[in-house]
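What follows is the content of target_2.txt, which has compact mmCIF, N, CA and C atoms:
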# COMPACT_ATOMS: atom_id res chain seq x y z
N MET U 1 -69.40 -58.80 -29.19
CA MET U 1 -70.38 -59.64 -29.83
C MET U 1 -70.95 -58.89 -31.04
N LYS U 2 -71.06 -59.56 -32.17
CA LYS U 2 -71.60 -58.95 -33.37
C LYS U 2 -73.11 -58.86 -33.29
N SER U 3 -73.65 -57.78 -33.82
CA SER U 3 -75.09 -57.64 -33.89
C SER U 3 -75.62 -58.50 -35.03
N LEU U 4 -76.91 -58.72 -35.03
CA LEU U 4 -77.51 -59.50 -36.12
C LEU U 4 -77.28 -58.82 -37.46
N ASP U 5 -77.31 -57.49 -37.50
CA ASP U 5 -77.07 -56.77 -38.76
C ASP U 5 -75.65 -57.00 -39.26
N GLU U 6 -74.67 -57.00 -38.33
CA GLU U 6 -73.29 -57.25 -38.73
C GLU U 6 -73.11 -58.67 -39.26
N LYS U 7 -73.75 -59.64 -38.59
CA LYS U 7 -73.69 -61.02 -39.06
C LYS U 7 -74.38 -61.15 -40.41
N ALA U 8 -75.51 -60.48 -40.58
CA ALA U 8 -76.23 -60.54 -41.85
C ALA U 8 -75.37 -60.00 -42.98
N ALA U 9 -74.62 -58.92 -42.70
CA ALA U 9 -73.74 -58.36 -43.73
C ALA U 9 -72.69 -59.37 -44.16
N GLU U 10 -72.15 -60.12 -43.21
CA GLU U 10 -71.16 -61.15 -43.54
C GLU U 10 -71.78 -62.23 -44.43
N TYR U 11 -72.97 -62.68 -44.08
CA TYR U 11 -73.61 -63.76 -44.82
C TYR U 11 -74.17 -63.30 -46.15
N SER U 12 -74.48 -62.01 -46.26
CA SER U 12 -75.06 -61.52 -47.51
C SER U 12 -74.08 -61.66 -48.67
N ALA U 13 -72.80 -61.69 -48.37
CA ALA U 13 -71.79 -61.86 -49.42
C ALA U 13 -71.95 -63.21 -50.12
N ARG U 14 -72.63 -64.14 -49.49
CA ARG U 14 -72.83 -65.46 -50.07
C ARG U 14 -74.05 -65.53 -50.99
N LEU U 15 -74.83 -64.47 -51.01
CA LEU U 15 -76.02 -64.46 -51.86
C LEU U 15 -75.64 -64.20 -53.31
N CYS U 16 -76.52 -64.61 -54.21
CA CYS U 16 -76.27 -64.42 -55.64
C CYS U 16 -76.18 -62.94 -56.01
N ASN U 17 -76.98 -62.11 -55.37
CA ASN U 17 -77.01 -60.69 -55.66
C ASN U 17 -75.75 -60.05 -55.07
N GLN U 18 -74.83 -59.64 -55.89
CA GLN U 18 -73.57 -59.07 -55.41
C GLN U 18 -73.51 -57.55 -55.59
N THR U 19 -74.68 -56.91 -55.76
CA THR U 19 -74.71 -55.47 -55.98
C THR U 19 -74.46 -54.66 -54.71
N GLY U 20 -74.72 -55.26 -53.56
CA GLY U 20 -74.61 -54.53 -52.30
C GLY U 20 -75.94 -53.93 -51.88
N ASN U 21 -76.93 -53.96 -52.77
CA ASN U 21 -78.28 -53.50 -52.45
C ASN U 21 -79.17 -54.73 -52.35
N TYR U 22 -79.57 -55.05 -51.14
CA TYR U 22 -80.30 -56.29 -50.92
C TYR U 22 -81.75 -56.03 -50.57
N THR U 23 -82.60 -56.91 -51.03
CA THR U 23 -84.02 -56.84 -50.69
C THR U 23 -84.20 -57.37 -49.27
N LYS U 24 -85.36 -57.08 -48.71
CA LYS U 24 -85.67 -57.58 -47.37
C LYS U 24 -85.56 -59.11 -47.34
N GLY U 25 -86.04 -59.78 -48.36
CA GLY U 25 -85.98 -61.24 -48.43
C GLY U 25 -84.56 -61.76 -48.46
N GLU U 26 -83.68 -61.05 -49.16
CA GLU U 26 -82.28 -61.48 -49.22
C GLU U 26 -81.60 -61.32 -47.87
N ILE U 27 -81.91 -60.23 -47.18
CA ILE U 27 -81.35 -60.03 -45.85
C ILE U 27 -81.86 -61.11 -44.91
N GLU U 28 -83.15 -61.43 -44.98
CA GLU U 28 -83.70 -62.49 -44.13
C GLU U 28 -83.03 -63.82 -44.45
N THR U 29 -82.75 -64.07 -45.72
CA THR U 29 -82.07 -65.30 -46.12
C THR U 29 -80.68 -65.34 -45.51
N SER U 30 -79.99 -64.22 -45.47
CA SER U 30 -78.65 -64.21 -44.89
C SER U 30 -78.70 -64.49 -43.39
N TYR U 31 -79.76 -64.03 -42.70
CA TYR U 31 -79.93 -64.37 -41.29
C TYR U 31 -80.07 -65.89 -41.14
N VAL U 32 -80.88 -66.49 -42.02
CA VAL U 32 -81.10 -67.94 -41.97
C VAL U 32 -79.80 -68.69 -42.21
N ILE U 33 -78.98 -68.22 -43.14
CA ILE U 33 -77.69 -68.86 -43.39
C ILE U 33 -76.87 -68.86 -42.10
N GLY U 34 -76.84 -67.75 -41.42
CA GLY U 34 -76.08 -67.66 -40.18
C GLY U 34 -76.61 -68.57 -39.11
N VAL U 35 -77.93 -68.66 -38.97
CA VAL U 35 -78.52 -69.54 -37.98
C VAL U 35 -78.24 -70.99 -38.33
N ALA U 36 -78.33 -71.32 -39.61
CA ALA U 36 -78.11 -72.70 -40.04
C ALA U 36 -76.67 -73.13 -39.79
N GLU U 37 -75.74 -72.20 -39.84
CA GLU U 37 -74.34 -72.55 -39.60
C GLU U 37 -74.06 -72.80 -38.13
N ASN U 38 -74.94 -72.31 -37.27
CA ASN U 38 -74.77 -72.52 -35.83
C ASN U 38 -73.35 -72.27 -35.36
N GLU U 39 -72.93 -71.06 -35.45
CA GLU U 39 -71.59 -70.71 -34.97
C GLU U 39 -71.51 -70.96 -33.47
N ALA U 40 -70.35 -71.31 -33.01
CA ALA U 40 -70.14 -71.50 -31.57
C ALA U 40 -70.18 -70.15 -30.87
N LEU U 41 -70.46 -70.20 -29.59
CA LEU U 41 -70.42 -69.00 -28.77
C LEU U 41 -68.97 -68.59 -28.56
N THR U 42 -68.77 -67.33 -28.27
CA THR U 42 -67.45 -66.86 -27.88
C THR U 42 -67.52 -66.42 -26.42
N SER U 43 -66.38 -66.30 -25.79
CA SER U 43 -66.32 -65.91 -24.39
C SER U 43 -67.02 -64.58 -24.18
N GLY U 44 -67.90 -64.53 -23.19
CA GLY U 44 -68.60 -63.30 -22.87
C GLY U 44 -69.85 -63.04 -23.70
N GLU U 45 -70.13 -63.90 -24.67
CA GLU U 45 -71.28 -63.73 -25.55
C GLU U 45 -72.40 -64.65 -25.09
N THR U 46 -73.63 -64.20 -25.25
CA THR U 46 -74.77 -65.09 -25.04
C THR U 46 -75.37 -65.40 -26.40
N GLY U 47 -76.04 -66.55 -26.48
CA GLY U 47 -76.59 -66.93 -27.78
C GLY U 47 -77.64 -68.01 -27.67
N THR U 48 -77.88 -68.64 -28.80
CA THR U 48 -78.96 -69.61 -28.94
C THR U 48 -78.55 -71.01 -28.49
N PHE U 49 -79.54 -71.87 -28.39
CA PHE U 49 -79.31 -73.26 -28.05
C PHE U 49 -78.44 -73.93 -29.12
N GLY U 50 -78.68 -73.61 -30.39
CA GLY U 50 -77.86 -74.16 -31.47
C GLY U 50 -76.40 -73.79 -31.31
N GLN U 51 -76.13 -72.54 -30.96
CA GLN U 51 -74.75 -72.11 -30.73
C GLN U 51 -74.17 -72.84 -29.51
N ALA U 52 -74.99 -73.05 -28.50
CA ALA U 52 -74.53 -73.75 -27.30
C ALA U 52 -74.15 -75.20 -27.64
N ILE U 53 -74.94 -75.85 -28.48
CA ILE U 53 -74.64 -77.23 -28.88
C ILE U 53 -73.31 -77.29 -29.64
N VAL U 54 -73.10 -76.35 -30.55
CA VAL U 54 -71.83 -76.31 -31.29
C VAL U 54 -70.67 -76.10 -30.31
N SER U 55 -70.88 -75.26 -29.32
CA SER U 55 -69.84 -75.01 -28.31
C SER U 55 -69.54 -76.29 -27.52
N LEU U 56 -70.59 -77.04 -27.17
CA LEU U 56 -70.38 -78.33 -26.49
C LEU U 56 -69.56 -79.27 -27.35
N GLN U 57 -69.90 -79.33 -28.65
CA GLN U 57 -69.18 -80.20 -29.57
C GLN U 57 -67.71 -79.82 -29.67
N ARG U 58 -67.41 -78.57 -29.43
CA ARG U 58 -66.02 -78.10 -29.50
C ARG U 58 -65.30 -78.19 -28.16
N GLY U 59 -65.97 -78.78 -27.16
CA GLY U 59 -65.31 -79.05 -25.89
C GLY U 59 -65.53 -78.04 -24.78
N PHE U 60 -66.40 -77.05 -24.98
CA PHE U 60 -66.67 -76.06 -23.94
C PHE U 60 -67.79 -76.53 -23.03
N ASN U 61 -67.81 -76.03 -21.79
CA ASN U 61 -68.93 -76.21 -20.88
C ASN U 61 -69.87 -75.03 -21.12
N ILE U 62 -71.16 -75.27 -21.01
CA ILE U 62 -72.14 -74.21 -21.26
C ILE U 62 -73.15 -74.13 -20.13
N ALA U 63 -73.84 -73.01 -20.06
CA ALA U 63 -74.92 -72.82 -19.09
C ALA U 63 -75.83 -71.72 -19.60
N ARG U 64 -76.99 -71.63 -19.00
CA ARG U 64 -77.87 -70.51 -19.27
C ARG U 64 -77.59 -69.43 -18.23
N MET U 65 -77.61 -68.19 -18.66
CA MET U 65 -77.40 -67.07 -17.75
C MET U 65 -78.44 -67.12 -16.63
N GLU U 66 -79.65 -67.54 -16.98
CA GLU U 66 -80.76 -67.61 -16.03
C GLU U 66 -80.44 -68.52 -14.83
N TRP U 67 -79.54 -69.49 -15.02
CA TRP U 67 -79.23 -70.43 -13.95
C TRP U 67 -78.33 -69.83 -12.89
N GLY U 68 -77.78 -68.66 -13.13
CA GLY U 68 -77.02 -67.92 -12.13
C GLY U 68 -75.80 -68.64 -11.56
N GLY U 69 -75.13 -69.45 -12.36
CA GLY U 69 -73.92 -70.12 -11.91
C GLY U 69 -74.14 -71.32 -11.02
N LYS U 70 -75.40 -71.77 -10.88
CA LYS U 70 -75.69 -72.89 -9.99
C LYS U 70 -75.41 -74.24 -10.64
N CYS U 71 -75.31 -74.28 -11.98
CA CYS U 71 -75.03 -75.54 -12.67
C CYS U 71 -74.52 -75.23 -14.07
N PHE U 72 -73.96 -76.24 -14.71
CA PHE U 72 -73.52 -76.09 -16.10
C PHE U 72 -73.62 -77.44 -16.79
N ILE U 73 -73.54 -77.41 -18.12
CA ILE U 73 -73.69 -78.61 -18.94
C ILE U 73 -72.33 -78.98 -19.52
N VAL U 74 -72.03 -80.28 -19.50
CA VAL U 74 -70.82 -80.80 -20.14
C VAL U 74 -71.22 -81.92 -21.09
N LYS U 75 -70.43 -82.10 -22.12
CA LYS U 75 -70.62 -83.24 -23.02
C LYS U 75 -69.58 -84.27 -22.62
N GLN U 76 -70.05 -85.44 -22.26
CA GLN U 76 -69.11 -86.49 -21.92
C GLN U 76 -68.37 -86.94 -23.16
N ILE U 77 -67.13 -87.31 -22.96
CA ILE U 77 -66.33 -87.83 -24.05
C ILE U 77 -66.80 -89.24 -24.36
N ASN U 78 -67.01 -89.53 -25.64
CA ASN U 78 -67.39 -90.88 -26.02
C ASN U 78 -66.34 -91.85 -25.50
N SER U 79 -66.79 -92.94 -24.92
CA SER U 79 -65.82 -93.89 -24.37
C SER U 79 -66.33 -95.32 -24.49
N ASP U 80 -65.39 -96.23 -24.48
CA ASP U 80 -65.67 -97.66 -24.57
C ASP U 80 -65.14 -98.31 -23.30
N ILE U 81 -66.03 -99.01 -22.59
CA ILE U 81 -65.67 -99.69 -21.36
C ILE U 81 -65.58 -101.18 -21.67
N ALA U 82 -64.40 -101.71 -21.53
CA ALA U 82 -64.17 -103.12 -21.86
C ALA U 82 -64.92 -104.05 -20.90
N SER U 83 -65.20 -105.26 -21.38
CA SER U 83 -65.98 -106.22 -20.60
C SER U 83 -65.30 -106.62 -19.28
N ASP U 84 -64.00 -106.54 -19.19
CA ASP U 84 -63.33 -106.88 -17.94
C ASP U 84 -63.43 -105.75 -16.90
N ILE U 85 -63.78 -104.54 -17.35
CA ILE U 85 -63.93 -103.39 -16.44
C ILE U 85 -65.36 -103.29 -15.92
N VAL U 86 -66.35 -103.66 -16.74
CA VAL U 86 -67.77 -103.50 -16.37
C VAL U 86 -68.08 -104.11 -15.00
N PRO U 87 -67.63 -105.33 -14.68
CA PRO U 87 -67.95 -105.88 -13.35
C PRO U 87 -67.38 -105.08 -12.18
N LYS U 88 -66.38 -104.25 -12.43
CA LYS U 88 -65.75 -103.46 -11.37
C LYS U 88 -66.36 -102.06 -11.21
N MET U 89 -67.29 -101.70 -12.10
CA MET U 89 -67.86 -100.35 -12.08
C MET U 89 -68.76 -100.14 -10.87
N GLN U 90 -68.50 -99.09 -10.12
CA GLN U 90 -69.32 -98.76 -8.96
C GLN U 90 -70.63 -98.08 -9.35
N SER U 91 -70.67 -97.53 -10.56
CA SER U 91 -71.86 -96.77 -10.98
C SER U 91 -72.98 -97.66 -11.50
N LEU U 92 -72.76 -98.98 -11.57
CA LEU U 92 -73.78 -99.90 -12.07
C LEU U 92 -74.16 -100.91 -10.99
N PRO U 93 -75.46 -101.17 -10.84
CA PRO U 93 -75.87 -102.24 -9.92
C PRO U 93 -75.51 -103.61 -10.52
N ASP U 94 -75.41 -104.61 -9.67
CA ASP U 94 -75.04 -105.94 -10.12
C ASP U 94 -76.00 -106.49 -11.18
N ALA U 95 -77.28 -106.20 -11.02
CA ALA U 95 -78.26 -106.69 -12.00
C ALA U 95 -77.98 -106.12 -13.39
N ALA U 96 -77.59 -104.85 -13.45
CA ALA U 96 -77.27 -104.24 -14.75
C ALA U 96 -76.01 -104.86 -15.33
N LYS U 97 -75.02 -105.10 -14.49
CA LYS U 97 -73.77 -105.72 -14.95
C LYS U 97 -74.05 -107.10 -15.55
N LYS U 98 -74.95 -107.85 -14.90
CA LYS U 98 -75.30 -109.19 -15.37
C LYS U 98 -75.93 -109.12 -16.76
N GLU U 99 -76.85 -108.18 -16.96
CA GLU U 99 -77.52 -108.05 -18.28
C GLU U 99 -76.55 -107.57 -19.35
N ILE U 100 -75.70 -106.64 -19.00
CA ILE U 100 -74.69 -106.13 -19.95
C ILE U 100 -73.76 -107.27 -20.37
N GLY U 101 -73.43 -108.15 -19.42
CA GLY U 101 -72.57 -109.28 -19.72
C GLY U 101 -73.15 -110.24 -20.74
N LYS U 102 -74.47 -110.21 -20.90
CA LYS U 102 -75.14 -111.08 -21.88
C LYS U 102 -75.11 -110.50 -23.29
N CYS U 103 -74.78 -109.24 -23.42
CA CYS U 103 -74.81 -108.56 -24.72
C CYS U 103 -73.46 -108.66 -25.41
N ALA U 104 -73.45 -109.20 -26.59
CA ALA U 104 -72.25 -109.29 -27.43
C ALA U 104 -71.03 -109.66 -26.59
N ASP U 105 -70.08 -108.73 -26.47
CA ASP U 105 -68.86 -109.05 -25.71
C ASP U 105 -68.90 -108.51 -24.28
N GLY U 106 -70.04 -107.95 -23.85
CA GLY U 106 -70.19 -107.48 -22.48
C GLY U 106 -69.58 -106.12 -22.20
N SER U 107 -69.26 -105.40 -23.25
CA SER U 107 -68.69 -104.06 -23.08
C SER U 107 -69.80 -103.01 -23.13
N ILE U 108 -69.45 -101.80 -22.72
CA ILE U 108 -70.39 -100.66 -22.78
C ILE U 108 -69.73 -99.57 -23.63
N HIS U 109 -70.55 -98.91 -24.43
CA HIS U 109 -70.06 -97.83 -25.28
C HIS U 109 -70.92 -96.59 -25.02
N TYR U 110 -70.33 -95.62 -24.34
CA TYR U 110 -71.02 -94.37 -24.05
C TYR U 110 -70.90 -93.45 -25.26
N ARG U 111 -72.02 -92.92 -25.70
CA ARG U 111 -72.03 -92.04 -26.86
C ARG U 111 -72.93 -90.82 -26.63
N GLU U 112 -72.42 -89.66 -27.03
CA GLU U 112 -73.19 -88.42 -27.11
C GLU U 112 -74.08 -88.15 -25.90
N GLN U 113 -73.49 -88.15 -24.73
CA GLN U 113 -74.24 -87.86 -23.52
C GLN U 113 -73.89 -86.47 -23.00
N CYS U 114 -74.88 -85.82 -22.43
CA CYS U 114 -74.65 -84.54 -21.77
C CYS U 114 -75.05 -84.68 -20.31
N LEU U 115 -74.27 -84.05 -19.45
CA LEU U 115 -74.56 -84.05 -18.03
C LEU U 115 -74.75 -82.63 -17.55
N VAL U 116 -75.66 -82.46 -16.59
CA VAL U 116 -75.75 -81.20 -15.89
C VAL U 116 -74.98 -81.40 -14.59
N VAL U 117 -74.07 -80.48 -14.30
CA VAL U 117 -73.19 -80.59 -13.14
C VAL U 117 -73.56 -79.49 -12.16
N TYR U 118 -73.78 -79.90 -10.90
CA TYR U 118 -74.11 -78.97 -9.84
C TYR U 118 -72.94 -78.89 -8.87
N PRO U 119 -72.11 -77.85 -8.97
CA PRO U 119 -70.97 -77.72 -8.06
C PRO U 119 -71.43 -77.43 -6.63
N ASP U 120 -70.73 -78.02 -5.68
CA ASP U 120 -71.02 -77.77 -4.27
C ASP U 120 -69.68 -77.72 -3.53
N ALA U 121 -69.40 -76.62 -2.89
CA ALA U 121 -68.10 -76.42 -2.23
C ALA U 121 -67.86 -77.42 -1.11
N GLU U 122 -68.93 -77.92 -0.49
CA GLU U 122 -68.77 -78.82 0.64
C GLU U 122 -68.67 -80.29 0.25
N CYS U 123 -69.46 -80.70 -0.73
CA CYS U 123 -69.50 -82.15 -1.03
C CYS U 123 -69.10 -82.47 -2.47
N GLY U 124 -68.45 -81.58 -3.16
CA GLY U 124 -68.01 -81.86 -4.53
C GLY U 124 -69.08 -81.50 -5.54
N CYS U 125 -69.15 -82.25 -6.60
CA CYS U 125 -70.12 -81.99 -7.66
C CYS U 125 -71.08 -83.15 -7.82
N MET U 126 -72.31 -82.83 -8.08
CA MET U 126 -73.30 -83.85 -8.43
C MET U 126 -73.54 -83.72 -9.93
N ALA U 127 -73.59 -84.84 -10.63
CA ALA U 127 -73.84 -84.82 -12.07
C ALA U 127 -74.98 -85.77 -12.39
N THR U 128 -75.84 -85.34 -13.30
CA THR U 128 -76.95 -86.18 -13.73
C THR U 128 -77.21 -85.94 -15.20
N ASN U 129 -77.93 -86.85 -15.82
CA ASN U 129 -78.24 -86.74 -17.24
C ASN U 129 -79.00 -85.44 -17.52
N TYR U 130 -78.65 -84.79 -18.61
CA TYR U 130 -79.32 -83.55 -19.00
C TYR U 130 -80.12 -83.76 -20.27
N VAL U 131 -81.40 -83.42 -20.21
CA VAL U 131 -82.26 -83.40 -21.38
C VAL U 131 -82.90 -82.02 -21.42
N PRO U 132 -82.64 -81.25 -22.48
CA PRO U 132 -83.18 -79.88 -22.53
C PRO U 132 -84.70 -79.88 -22.65
N ASP U 133 -85.32 -78.89 -22.05
CA ASP U 133 -86.76 -78.72 -22.24
C ASP U 133 -86.98 -77.60 -23.26
N TRP U 134 -88.21 -77.34 -23.59
CA TRP U 134 -88.50 -76.36 -24.64
C TRP U 134 -88.02 -74.97 -24.26
N GLN U 135 -88.04 -74.63 -22.96
CA GLN U 135 -87.56 -73.31 -22.55
C GLN U 135 -86.07 -73.18 -22.82
N ASP U 136 -85.30 -74.24 -22.55
CA ASP U 136 -83.87 -74.22 -22.83
C ASP U 136 -83.62 -74.09 -24.34
N MET U 137 -84.38 -74.83 -25.14
CA MET U 137 -84.16 -74.84 -26.58
C MET U 137 -84.46 -73.50 -27.25
N PHE U 138 -85.40 -72.75 -26.69
CA PHE U 138 -85.78 -71.49 -27.31
C PHE U 138 -85.19 -70.26 -26.62
N SER U 139 -84.33 -70.47 -25.64
CA SER U 139 -83.74 -69.32 -24.96
C SER U 139 -82.53 -68.79 -25.72
N ASN U 140 -82.22 -67.55 -25.48
CA ASN U 140 -81.08 -66.88 -26.11
C ASN U 140 -80.04 -66.42 -25.10
N ASP U 141 -80.05 -67.07 -23.93
CA ASP U 141 -79.12 -66.65 -22.87
C ASP U 141 -78.05 -67.71 -22.59
N TRP U 142 -77.74 -68.55 -23.56
CA TRP U 142 -76.69 -69.55 -23.41
C TRP U 142 -75.31 -68.88 -23.43
N MET U 143 -74.40 -69.41 -22.64
CA MET U 143 -73.05 -68.85 -22.59
C MET U 143 -72.04 -69.95 -22.29
N ILE U 144 -70.78 -69.67 -22.57
CA ILE U 144 -69.70 -70.58 -22.24
C ILE U 144 -69.32 -70.36 -20.78
N VAL U 145 -69.12 -71.45 -20.05
CA VAL U 145 -68.69 -71.38 -18.66
C VAL U 145 -67.18 -71.58 -18.63
N GLU U 146 -66.48 -70.60 -18.06
CA GLU U 146 -65.02 -70.69 -18.00
C GLU U 146 -64.52 -70.82 -16.59
Can the structure from this file be put into structure tokens for me?
Amino acid sequence: MKSLDEKAAEYSARLCNQTGNYTKGEIETSYVIGVAENEALTSGETGTFGQAIVSLQRGFNIARMEWGGKCFIVKQINSDIASDIVPKMQSLPDAAKKEIGKCADGSIHYREQCLVVYPDAECGCMATNYVPDWQDMFSNDWMIVE
């Protein structure tokens, strides 16, 4: 894993000052450039929530080290459920199916959802909607789950 100083050196090349002697403000700017780019995490590295989001977008599962392997986050693949499939879905109550049937063509379009998955050796996995809280957003212990 690269240190912040190593990353700053990489980003400093993008600054207007090409002398190699940078002011404190220029170095701070290079840190901001790196944060703004939100690089994805690499295997074995921990990082920020922004890096974790980029990793999700690239198809990786993520978790916080603090969670101790008890759960992880996945990004569901965007999908379109045709109107002839909706009535057969076990995950929807009949009342919801009825209301969905009244909308346009009665199809469902899942977009940009994240799930927290709780593995259980005895009964499989439980998955539920994930919404990060402020502690998750400001933590630096995000990692890729392999």
Checklist entry - Asp105 in chain U: which residues within 8 Å, counting only N, CA and C atoms, same-chain residues fewer than 2 positions away excluded, as a VMD selection string? => result chain U and resid 82 to 84 100 to 103 107 to 108
Next on the checklist: Using only C-alpha atoms, can you tell me which of U:Phe60, U:Phe72, U:Phe138, U:Tyr118 comes closest to Thr42 in chain U?
Outcome noted: U:Phe60
Around all the atoms of range 53-66 of chain U listed in the file, draw an axis-aligned box and extend it by 8 Å on each of the six sides; I want its centre and edge lengths in Å to one decimal, as lines of an AutoDock Vina configuration file.
center_x = -73.0
center_y = -73.6
center_z = -23.1
size_x = 31.5
size_y = 29.1
size_z = 32.5
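The closest residue to Arg58 in chain U, picked from U:Ser43, U:Met126, U:Lys88, U:Lys75 and counting only C-alpha atoms, is U:Lys75.
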Checklist outcome for this item: Atom pair CA of Ile73 in chain U + atom N of Leu115 in chain U, distance 5.5 Å
Checklist outcome for this item: For Asp141 in chain U, the closest of U:Ile81, U:Ile62, U:Cys125, U:Cys114 counting only C-alpha atoms is U:Ile62
Item to check | DSSP alpha helix (DSSP H) selection over range 41-113 of chain U, as a PyMOL selection string | outcome: chain U and resi 49-57+94-101
Model the absent atoms of range 54-68 of chain U so that N, CA, C and O atoms are present, and write the result as an mmCIF file, in the frame of the given file.
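Once written, out27.cif looks like this:
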data_model
loop_
_atom_site.group_PDB
_atom_site.id
_atom_site.type_symbol
_atom_site.label_atom_id
_atom_site.label_comp_id
_atom_site.auth_asym_id
_atom_site.auth_seq_id
_atom_site.Cartn_x
_atom_site.Cartn_y
_atom_site.Cartn_z
ATOM 1 N N VAL U 54 -73.100 -76.350 -30.550
ATOM 2 C CA VAL U 54 -71.830 -76.310 -31.290
ATOM 3 C C VAL U 54 -70.670 -76.100 -30.310
ATOM 4 O O VAL U 54 -69.623 -76.731 -30.425
ATOM 5 N N SER U 55 -70.880 -75.260 -29.320
ATOM 6 C CA SER U 55 -69.840 -75.010 -28.310
ATOM 7 C C SER U 55 -69.540 -76.290 -27.520
ATOM 8 O O SER U 55 -68.377 -76.593 -27.250
ATOM 9 N N LEU U 56 -70.590 -77.040 -27.170
ATOM 10 C CA LEU U 56 -70.380 -78.330 -26.490
ATOM 11 C C LEU U 56 -69.560 -79.270 -27.350
ATOM 12 O O LEU U 56 -68.639 -79.936 -26.876
ATOM 13 N N GLN U 57 -69.900 -79.330 -28.650
ATOM 14 C CA GLN U 57 -69.180 -80.200 -29.570
ATOM 15 C C GLN U 57 -67.710 -79.820 -29.670
ATOM 16 O O GLN U 57 -66.869 -80.665 -29.962
ATOM 17 N N ARG U 58 -67.410 -78.570 -29.430
ATOM 18 C CA ARG U 58 -66.020 -78.100 -29.500
ATOM 19 C C ARG U 58 -65.300 -78.190 -28.160
ATOM 20 O O ARG U 58 -64.197 -77.709 -28.004
ATOM 21 N N GLY U 59 -65.970 -78.780 -27.160
ATOM 22 C CA GLY U 59 -65.310 -79.050 -25.890
ATOM 23 C C GLY U 59 -65.530 -78.040 -24.780
ATOM 24 O O GLY U 59 -64.909 -78.134 -23.726
ATOM 25 N N PHE U 60 -66.400 -77.050 -24.980
ATOM 26 C CA PHE U 60 -66.670 -76.060 -23.940
ATOM 27 C C PHE U 60 -67.790 -76.530 -23.030
ATOM 28 O O PHE U 60 -68.644 -77.313 -23.419
ATOM 29 N N ASN U 61 -67.810 -76.030 -21.790
ATOM 30 C CA ASN U 61 -68.930 -76.210 -20.880
ATOM 31 C C ASN U 61 -69.870 -75.030 -21.120
ATOM 32 O O ASN U 61 -69.410 -73.910 -21.375
ATOM 33 N N ILE U 62 -71.160 -75.270 -21.010
ATOM 34 C CA ILE U 62 -72.140 -74.210 -21.260
ATOM 35 C C ILE U 62 -73.150 -74.130 -20.130
ATOM 36 O O ILE U 62 -73.293 -75.066 -19.341
ATOM 37 N N ALA U 63 -73.840 -73.010 -20.060
ATOM 38 C CA ALA U 63 -74.920 -72.820 -19.090
ATOM 39 C C ALA U 63 -75.830 -71.720 -19.600
ATOM 40 O O ALA U 63 -75.458 -70.954 -20.497
ATOM 41 N N ARG U 64 -76.990 -71.630 -19.000
ATOM 42 C CA ARG U 64 -77.870 -70.510 -19.270
ATOM 43 C C ARG U 64 -77.590 -69.430 -18.230
ATOM 44 O O ARG U 64 -77.349 -69.723 -17.065
ATOM 45 N N MET U 65 -77.610 -68.190 -18.660
ATOM 46 C CA MET U 65 -77.400 -67.070 -17.750
ATOM 47 C C MET U 65 -78.440 -67.120 -16.630
ATOM 48 O O MET U 65 -78.142 -66.837 -15.479
ATOM 49 N N GLU U 66 -79.650 -67.540 -16.980
ATOM 50 C CA GLU U 66 -80.760 -67.610 -16.030
ATOM 51 C C GLU U 66 -80.440 -68.520 -14.830
ATOM 52 O O GLU U 66 -80.970 -68.348 -13.749
ATOM 53 N N TRP U 67 -79.540 -69.490 -15.020
ATOM 54 C CA TRP U 67 -79.230 -70.430 -13.950
ATOM 55 C C TRP U 67 -78.330 -69.830 -12.890
ATOM 56 O O TRP U 67 -78.117 -70.436 -11.837
ATOM 57 N N GLY U 68 -77.780 -68.660 -13.130
ATOM 58 C CA GLY U 68 -77.020 -67.920 -12.130
ATOM 59 C C GLY U 68 -75.800 -68.640 -11.560
ATOM 60 O O GLY U 68 -75.469 -68.462 -10.398
#
